[in-house]
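K.L.:
Supplied structure: data_30.txt, compact mmCIF, C-alpha atoms.
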# COMPACT_ATOMS: atom_id res chain seq x y z
CA MET I 6 -9.98 3.87 16.80
CA TYR I 7 -8.94 6.22 14.02
CA GLY I 8 -8.50 3.70 11.20
CA ASN I 9 -5.32 2.17 9.81
CA ALA I 10 -1.84 3.64 10.02
CA THR I 11 -0.74 5.31 6.78
CA TRP I 12 2.50 6.83 5.50
CA ASN I 13 1.91 8.74 2.27
CA HIS I 14 3.97 10.86 -0.08
CA THR I 15 2.79 14.45 -0.42
CA THR I 16 2.17 15.80 -3.90
CA PHE I 17 2.37 19.01 -5.88
CA ASN I 18 -0.81 20.52 -7.35
CA ASN I 19 -0.20 18.59 -10.58
CA GLY I 20 -0.20 15.30 -8.67
CA SER I 21 3.54 14.59 -8.89
CA TYR I 22 5.31 13.53 -5.72
CA ILE I 23 7.25 15.95 -3.53
CA PRO I 24 10.51 14.07 -2.82
CA PHE I 25 10.95 12.92 0.78
CA VAL I 26 7.99 14.89 2.17
CA TYR I 27 5.39 12.72 3.88
CA GLN I 28 2.02 12.78 5.60
CA VAL I 29 1.62 10.20 8.38
CA HIS I 30 -1.49 9.03 10.21
CA LEU I 31 -0.60 6.89 13.24
CA PRO I 32 -3.50 5.63 15.40
CA GLY I 33 -3.21 3.59 18.55
CA VAL I 34 -4.62 2.83 21.99
CA ASP I 35 -2.93 3.53 25.33
CA LYS I 36 -2.79 1.13 28.28
CA GLN I 37 -6.04 2.55 29.65
CA GLY I 38 -7.84 1.89 26.36
CA ARG I 39 -7.97 5.53 25.29
CA ASN I 40 -7.57 6.29 21.60
CA PHE I 41 -4.34 7.94 20.52
CA LEU I 42 -3.56 9.54 17.16
CA ILE I 43 -0.65 11.37 15.56
CA ASP I 44 -1.26 13.26 12.29
CA LEU I 45 1.91 14.89 10.95
CA LYS I 46 3.45 16.39 7.87
CA ILE I 47 7.15 15.44 7.83
CA ASP I 48 9.59 17.56 5.82
CA PRO I 49 13.30 16.66 6.23
CA MET I 50 15.67 19.61 6.05
CA LYS I 51 18.75 17.49 5.30
CA TYR I 52 19.65 15.26 2.39
CA PRO I 53 19.12 11.49 2.68
CA SER I 54 22.33 9.95 3.96
CA PRO I 55 23.60 6.40 3.44
CA TYR I 56 24.71 4.48 6.49
CA GLY I 57 28.50 4.56 6.53
CA GLY I 58 28.66 7.71 4.40
CA ASN I 59 30.86 7.42 1.33
CA ILE I 60 32.78 4.54 2.99
CA LEU I 61 29.98 1.96 2.99
CA ASN I 62 27.54 3.86 0.76
CA GLY I 63 24.69 2.41 2.75
CA ARG I 64 25.64 -1.22 2.13
CA PHE I 65 26.44 -3.50 5.07
CA THR I 66 25.76 -6.91 6.61
CA PHE I 67 22.71 -6.78 8.84
CA TYR I 68 21.52 -9.82 10.81
CA ASP I 69 24.05 -11.87 8.84
CA GLN I 70 22.53 -10.81 5.50
CA PRO I 71 25.14 -9.22 3.18
CA ASN I 72 24.31 -6.24 0.97
CA THR I 73 21.57 -4.89 3.20
CA LEU I 74 20.96 -1.25 2.27
CA SER I 75 20.34 1.48 4.83
CA TRP I 76 19.83 5.22 4.69
CA PHE I 77 18.49 7.87 7.03
CA GLU I 78 17.30 11.47 7.12
CA THR I 79 17.45 13.90 10.01
CA GLY I 80 16.53 17.53 10.70
CA LEU I 81 12.82 16.86 10.31
CA GLU I 82 10.29 19.66 10.36
CA LEU I 83 7.13 18.26 11.92
CA ASN I 84 3.74 19.94 11.86
CA GLY I 85 0.37 18.49 12.78
CA THR I 86 -1.79 17.36 15.67
CA VAL I 87 -1.75 14.84 18.50
CA THR I 88 -5.01 13.43 19.83
CA TRP I 89 -5.17 11.62 23.15
CA GLY I 90 -8.60 10.59 24.34
CA ASP I 91 -10.88 13.58 23.84
CA ILE I 92 -8.09 16.18 23.59
CA THR I 93 -6.48 17.29 20.32
CA GLU I 94 -3.57 19.73 20.29
CA PRO I 95 -1.38 21.20 17.52
CA VAL I 96 2.28 20.19 17.62
CA VAL I 97 5.46 21.30 15.87
CA GLY I 98 9.02 19.99 16.01
CA ASN I 99 12.40 20.36 14.35
CA THR I 100 14.25 17.18 15.22
CA GLY I 101 13.89 13.47 14.64
CA HIS I 102 14.83 10.97 11.96
CA ILE I 103 13.63 8.65 9.22
CA ASP I 104 15.52 5.37 8.94
CA ARG I 105 15.06 2.66 6.33
CA GLN I 106 16.59 -0.70 5.50
CA TYR I 107 16.23 -2.74 2.31
CA PHE I 108 16.93 -6.47 2.57
CA PRO I 109 17.67 -8.41 -0.64
CA LEU I 110 15.99 -11.45 0.97
CA TYR I 111 13.54 -11.92 3.83
CA ALA I 112 14.99 -9.98 6.78
CA GLY I 113 15.13 -13.02 9.06
CA ILE I 114 16.45 -15.58 6.60
CA PHE I 115 19.76 -15.93 8.49
CA SER I 116 18.19 -15.33 11.90
CA PRO I 117 14.99 -17.39 11.77
CA THR I 118 13.93 -16.70 15.36
CA GLY I 119 15.40 -13.21 15.42
CA ARG I 120 17.71 -14.21 18.27
CA GLN I 121 20.77 -15.48 16.39
CA VAL I 122 21.92 -11.87 15.98
CA SER I 123 20.97 -8.88 18.12
CA HIS I 124 21.62 -5.17 17.80
CA ILE I 125 21.71 -1.83 19.53
CA TRP I 126 20.99 1.27 17.47
CA TYR I 127 21.15 4.90 18.48
CA GLN I 128 19.90 7.90 16.53
CA VAL I 129 21.29 11.00 18.25
CA ASN I 130 20.48 14.66 17.68
CA LEU I 131 23.18 16.65 19.46
CA ALA I 132 22.60 20.21 20.66
CA ASN I 133 25.33 21.52 18.31
CA GLY I 134 23.36 20.36 15.26
CA VAL I 135 25.39 17.22 14.55
CA ASP I 136 23.32 14.05 14.11
CA LEU I 137 24.66 10.54 14.69
CA SER I 138 23.49 7.13 13.53
CA ILE I 139 25.19 4.40 15.58
CA TRP I 140 24.90 0.68 14.84
CA ILE I 141 26.36 -2.22 16.78
CA GLN I 142 25.47 -5.89 16.27
CA TYR I 143 26.13 -9.00 18.36
CA ARG I 144 26.40 -12.60 17.15
CA ARG I 145 24.61 -14.51 19.88
CA TYR I 146 25.93 -17.86 18.64
CA GLU I 147 29.50 -16.60 19.14
CA ALA I 148 29.13 -15.44 22.75
CA ASN I 149 27.86 -12.01 21.65
CA LYS I 150 30.87 -11.31 19.46
CA ILE I 151 30.72 -7.90 17.77
CA VAL I 152 29.88 -7.99 14.05
CA PRO I 153 32.59 -6.13 12.07
CA THR I 154 30.31 -3.77 10.10
CA ILE I 155 29.49 -1.46 13.00
CA GLY I 156 30.13 2.21 13.39
CA ILE I 157 29.00 5.80 13.69
CA THR I 158 27.82 7.92 10.78
CA THR I 159 27.91 11.66 11.45
CA TYR I 160 25.75 14.27 9.76
CA GLU I 161 26.97 17.83 10.04
CA PRO I 162 24.56 20.72 10.73
CA ASN I 163 25.10 22.28 7.29
CA GLY I 164 23.39 19.30 5.69
CA ASN I 165 26.48 18.28 3.74
CA PRO I 166 25.77 14.74 2.52
CA ILE I 167 29.46 13.78 2.73
CA ASN I 168 29.56 12.24 6.17
CA GLN I 169 32.21 10.94 8.52
CA PHE I 170 32.12 7.22 9.30
CA VAL I 171 34.19 5.68 12.08
CA THR I 172 34.30 2.17 13.51
CA ASP I 173 36.31 2.52 16.74
CA ILE I 174 33.26 2.23 18.94
CA ASN I 175 32.73 0.59 22.31
CA ILE I 176 29.47 0.18 24.24
CA THR I 177 29.51 -0.26 28.02
CA PHE I 178 26.44 -1.30 29.99
CA LEU I 179 25.73 0.39 33.32
CA SER I 180 22.25 -0.93 34.05
CA PHE I 181 19.59 -3.29 32.75
CA ILE I 182 15.80 -3.35 32.49
CA LYS I 183 13.77 -6.53 32.84
CA TYR I 184 11.66 -7.34 29.81
CA PRO I 185 8.01 -7.35 30.91
CA ASN I 186 6.18 -10.63 30.52
CA THR I 187 3.09 -8.55 29.72
CA SER I 188 4.69 -7.71 26.35
CA SER I 189 4.13 -10.48 23.85
CA THR I 190 6.52 -11.84 21.21
CA PHE I 191 5.64 -13.85 18.11
CA PHE I 192 8.41 -16.35 18.81
CA PRO I 193 7.98 -18.03 22.21
CA PRO I 194 10.24 -16.44 24.83
CA PRO I 195 13.32 -18.56 25.63
CA SER I 196 12.98 -17.58 29.28
CA GLN I 197 10.67 -15.58 31.51
CA ASN I 198 13.77 -13.86 32.88
CA ARG I 199 15.12 -11.56 30.15
CA TRP I 200 17.10 -8.37 30.61
CA LEU I 201 17.99 -5.67 28.08
CA PRO I 202 20.57 -2.87 28.42
CA GLY I 203 19.28 0.26 30.13
CA ILE I 204 21.85 3.00 30.70
CA THR I 205 24.72 2.63 28.24
CA VAL I 206 27.96 4.50 27.52
CA ILE I 207 29.13 4.99 23.92
CA GLN I 208 32.84 5.65 23.48
CA CYS I 209 34.64 6.59 20.25
CA PRO I 210 38.28 7.79 20.47
CA SER I 211 38.46 9.10 16.89
CA LEU I 212 35.52 11.42 17.57
CA ASN I 213 36.81 12.20 21.07
CA MET I 214 33.35 11.15 22.18
CA ILE I 215 31.90 9.70 25.35
CA LEU I 216 28.10 9.79 25.53
CA THR I 217 25.85 8.29 28.18
CA SER I 218 22.42 7.25 26.93
CA THR I 219 19.53 7.10 29.40
CA TYR I 220 16.02 6.04 28.42
CA SER I 221 13.33 8.64 29.13
CA THR I 222 10.78 5.88 29.79
CA LYS I 223 11.05 3.19 32.46
CA VAL I 224 10.36 0.15 30.27
CA PRO I 225 10.48 0.97 26.53
CA ALA I 226 9.19 -2.44 25.40
CA VAL I 227 7.54 -2.74 21.98
CA ASP I 228 5.41 -5.74 20.96
CA LEU I 229 7.28 -7.25 18.01
CA PRO I 230 8.29 -10.82 16.99
CA VAL I 231 11.23 -10.81 19.45
CA GLU I 232 12.17 -8.89 22.58
CA TYR I 233 12.44 -5.26 21.50
CA PHE I 234 13.22 -2.03 23.31
CA GLU I 235 12.85 1.28 21.53
CA GLY I 236 12.30 4.58 23.25
CA PRO I 237 13.33 8.20 23.58
CA SER I 238 16.69 8.69 25.22
CA TYR I 239 18.72 11.55 26.67
CA PHE I 240 22.40 11.78 25.78
CA ALA I 241 25.08 13.63 27.74
CA GLY I 242 28.87 13.71 27.69
CA THR I 243 31.50 14.97 25.27
CA PHE I 244 31.77 15.10 21.47
CA ARG I 245 34.96 16.18 19.73
CA GLY I 246 36.22 17.10 23.16
CA GLU I 247 33.40 19.53 23.97
CA SER I 248 30.67 19.05 26.56
CA ILE I 249 27.40 18.25 24.84
CA ASP I 250 23.94 16.83 25.31
CA GLY I 251 21.15 15.79 23.01
CA THR I 252 18.07 13.70 22.45
CA GLY I 253 17.26 10.73 20.27
CA ILE I 254 16.39 7.07 20.59
CA GLN I 255 17.99 3.89 21.86
CA GLU I 256 16.81 0.66 20.27
CA SER I 257 17.85 -2.85 21.23
CA THR I 258 17.05 -6.52 20.68
CA LEU I 259 19.89 -7.70 22.95
CA ALA I 260 17.78 -9.73 25.38
CA LEU I 261 20.06 -11.44 27.90
CA TYR I 262 18.66 -14.68 29.33
CA ARG I 263 21.34 -17.41 29.19
CA ASP I 264 22.89 -18.31 32.53
CA TRP I 265 26.28 -16.76 31.83
CA GLU I 266 24.59 -13.61 30.50
CA LEU I 267 22.48 -13.30 33.62
CA LEU I 268 25.62 -13.50 35.73
CA ASN I 269 27.02 -10.58 33.71
CA VAL I 270 23.82 -8.66 34.32
CA LEU I 271 24.08 -9.34 38.04
CA GLN I 272 27.77 -8.45 38.17
CA ILE I 273 27.44 -5.16 36.27
CA SER I 274 24.35 -4.19 38.27
CA ALA I 275 26.19 -4.80 41.55
CA GLN I 276 29.23 -2.83 40.39
CA ASN I 277 27.09 0.21 39.61
CA LEU I 278 24.92 0.26 42.72
CA SER I 279 25.32 3.37 44.85
CA PRO I 280 27.12 2.91 48.20
CA GLU I 281 23.84 3.76 49.95
CA SER I 282 22.36 0.55 48.52
CA PHE I 283 24.53 -1.61 50.78
CA ASN I 284 24.05 -2.43 54.44
CA PRO I 285 27.16 -1.22 56.33
CA ALA I 286 27.23 -4.54 58.16
CA GLY I 287 27.12 -6.55 54.94
CA PRO I 288 29.29 -6.94 51.83
CA ASN I 289 30.16 -3.96 49.66
CA ALA I 290 29.99 -3.89 45.85
CA GLU I 291 33.46 -5.36 45.38
CA GLN I 292 32.79 -8.24 47.78
CA LEU I 293 29.42 -8.93 46.19
CA VAL I 294 31.00 -9.09 42.72
CA GLN I 295 33.54 -11.61 44.04
CA VAL I 296 30.69 -13.83 45.22
CA ILE I 297 28.98 -13.50 41.84
CA ASN I 298 32.19 -14.45 40.05
CA VAL I 299 32.24 -17.77 41.92
CA LEU I 300 28.89 -18.62 40.32
CA ASN I 301 30.60 -18.69 36.92
CA ASN I 302 31.99 -22.09 37.94
CA TYR I 303 28.44 -23.47 37.97
CA VAL I 304 27.11 -22.30 34.61
CA ASN I 305 27.72 -23.59 31.11
CA PRO I 306 29.46 -20.88 29.06
CA ASN I 307 28.47 -22.48 25.75
CA PRO I 308 27.14 -19.56 23.67
CA LEU I 309 24.84 -21.89 21.73
CA LEU I 310 23.17 -23.23 24.82
CA GLU I 311 19.73 -21.74 25.35
CA LYS I 312 19.37 -22.71 28.98
CA SER I 313 21.30 -25.10 31.21
CA PHE I 314 19.65 -24.85 34.59
CA SER I 315 16.98 -22.87 36.38
CA SER I 316 18.11 -19.28 36.62
CA SER I 317 15.58 -18.32 39.28
CA VAL I 318 18.46 -17.49 41.62
CA ILE I 319 19.21 -14.50 39.37
CA CYS I 320 15.66 -13.23 38.90
CA MET I 321 16.36 -10.00 40.85
Go ahead and render the structure in this file as structure tokens.
P.N.:
Amino acid sequence: MYGNATWNHTTFNNGSYIPFVYQVHLPGVDKQGRNFLIDLKIDPMKYPSPYGGNILNGRFTFYDQPNTLSWFETGLELNGTVTWGDITEPVVGNTGHIDRQYFPLYAGIFSPTGRQVSHIWYQVNLANGVDLSIWIQYRRYEANKIVPTIGITTYEPNGNPINQFVTDINITFLSFIKYPNTSSTFFPPPSQNRWLPGITVIQCPSLNMILTSTYSTKVPAVDLPVEYFEGPSYFAGTFRGESIDGTGIQESTLALYRDWELLNVLQISAQNLSPESFNPAGPNAEQLVQVINVLNNYVNPNPLLEKSFSSSVICM
């Protein structure tokens, strides 16, 4: 190993801090047991931006905790080295983000197991230089009802800190990824059969935007207290009416495991299967969805219910 992870401010020759310029040292081990290390200087080229721009000024309700503060920086200049096993190579980059939240109280005080509220977050770096920070939260105890303080903060390529913030956002799921039981959580898993959104579509009429987000890794699971996906993602679609693509991340804690949620997973998955997936002599997607819909009569839709019967029939 290469020691502990560190995130340090850089300094001028006189010892005073250089604002928002950092040196990071991030060691780890890959699945084969090989050492891994990232050493980088991070120098953002754009001003820090509050979530919600000058509408929210970075203040919103996060995981049911009011007055949570959030800001982000994009346009990072990255310079350093990556070491993997016995190989060290220099690396440079000019995209990425820094994102921070400040909670007045313990972050999980209103979500003690981390599963009372879930979220999906996207940080998007579009090819035209516009950056997007997109938050959406779900109240699990209200049948995954959308939390009002959601939206998209835009950051224009000129670095102007006055951002656009819009809330007319809709997320559609096209596929799901099963959470691996090899990834551990601090809180005991409510089920061995948990699914998180995979391919998603982000729609926003006021930005004339439709973006499809596709993970670049097969199973972007991260070992944290609850089920957690975070990984690089590719974005493609339209923004302000123009064709566009970009890179960024998709992060989610929306683990679906209750019976009625698993039926939704099964239904959406069937709807989006390619025609080649079906036997010509058997049911097509529409017929399969009709069969799945009948199963809704046999599950308890109570959003507070953790588990009502064995869901092994939907293990896929």
K.L.:
Return the single residue from I:Tyr52, I:Trp89, I:Phe240, I:Tyr303 that is closest to Asn40 (chain I), with distances computed using all atoms listed in the file.
P.N.:
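Among I:Tyr52, I:Trp89, I:Phe240, I:Tyr303, it is I:Trp89 that comes nearest to Asn40 (chain I).
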K.L.:
Taking into account all atoms listed in the file, which residue in the set I:Leu45, I:Gly251, I:Gln121, I:Phe25 is nearest to Gly134 (chain I)?
P.N.:
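The closest residue to Gly134 (chain I) is I:Gly251.
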K.L.:
By how many Å are CA of Ile207 (chain I) and CA of Tyr239 (chain I) apart?
P.N.:
12.6 Å
K.L.:
Which residues, protein or nucleic acid, reach to within 9 Å of (12.8, -15.2, 28.9) in the file's coordinates when using all atoms listed in the file, and can you give that as a list in words?
P.N.:
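The requested residues, written out, are Tyr184, Asn186, Pro193, Pro194, Pro195, Ser196, Gln197, Asn198, Arg199, Trp200, Glu232, Ala260, Leu261, Tyr262 and Arg263 of chain I.
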K.L.:
Skipping near chain neighbours, those fewer than 5 positions away, what residues fall within 8 Å of His14 (chain I) using only C-alpha atoms, listed as a short mmCIF file (atom, residue, chain, number, x, y, z; two decimals) with C-alpha atoms, in the coordinates of the input?
P.N.:
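Printed below is selection_3.cif as written:
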data_model
loop_
_atom_site.label_atom_id
_atom_site.label_comp_id
_atom_site.auth_asym_id
_atom_site.auth_seq_id
_atom_site.Cartn_x
_atom_site.Cartn_y
_atom_site.Cartn_z
CA TYR I 22 5.31 13.53 -5.72
CA ILE I 23 7.25 15.95 -3.53
CA PRO I 24 10.51 14.07 -2.82
CA PHE I 25 10.95 12.92 0.78
CA VAL I 26 7.99 14.89 2.17
CA TYR I 27 5.39 12.72 3.88
CA GLN I 28 2.02 12.78 5.60
#
K.L.:
Pick the closest to Arg144 (chain I) from I:Pro237, I:Gly63, I:Gly119, I:Gly242: which is it, counting all atoms listed in the file?
P.N.:
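Counting all atoms listed in the file, the residue closest to Arg144 (chain I) is I:Gly119.
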K.L.:
Would you mind telling me which residue in I:Arg39, I:Thr66, I:Pro55, I:Asp44 lies nearest to Ala10 (chain I) when using all atoms listed in the file?
P.N.:
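Smallest separation from Ala10 (chain I) among the options: I:Asp44.
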K.L.:
Axis-aligned box over every listed atom of region 288-307 of chain I, padded by 3 Å per side: centre and edges in Å to one decimal, as lines of an AutoDock Vina configuration file?
P.N.:
center_x = 30.3
center_y = -13.7
center_z = 38.8
size_x = 12.4
size_y = 25.7
size_z = 32.1
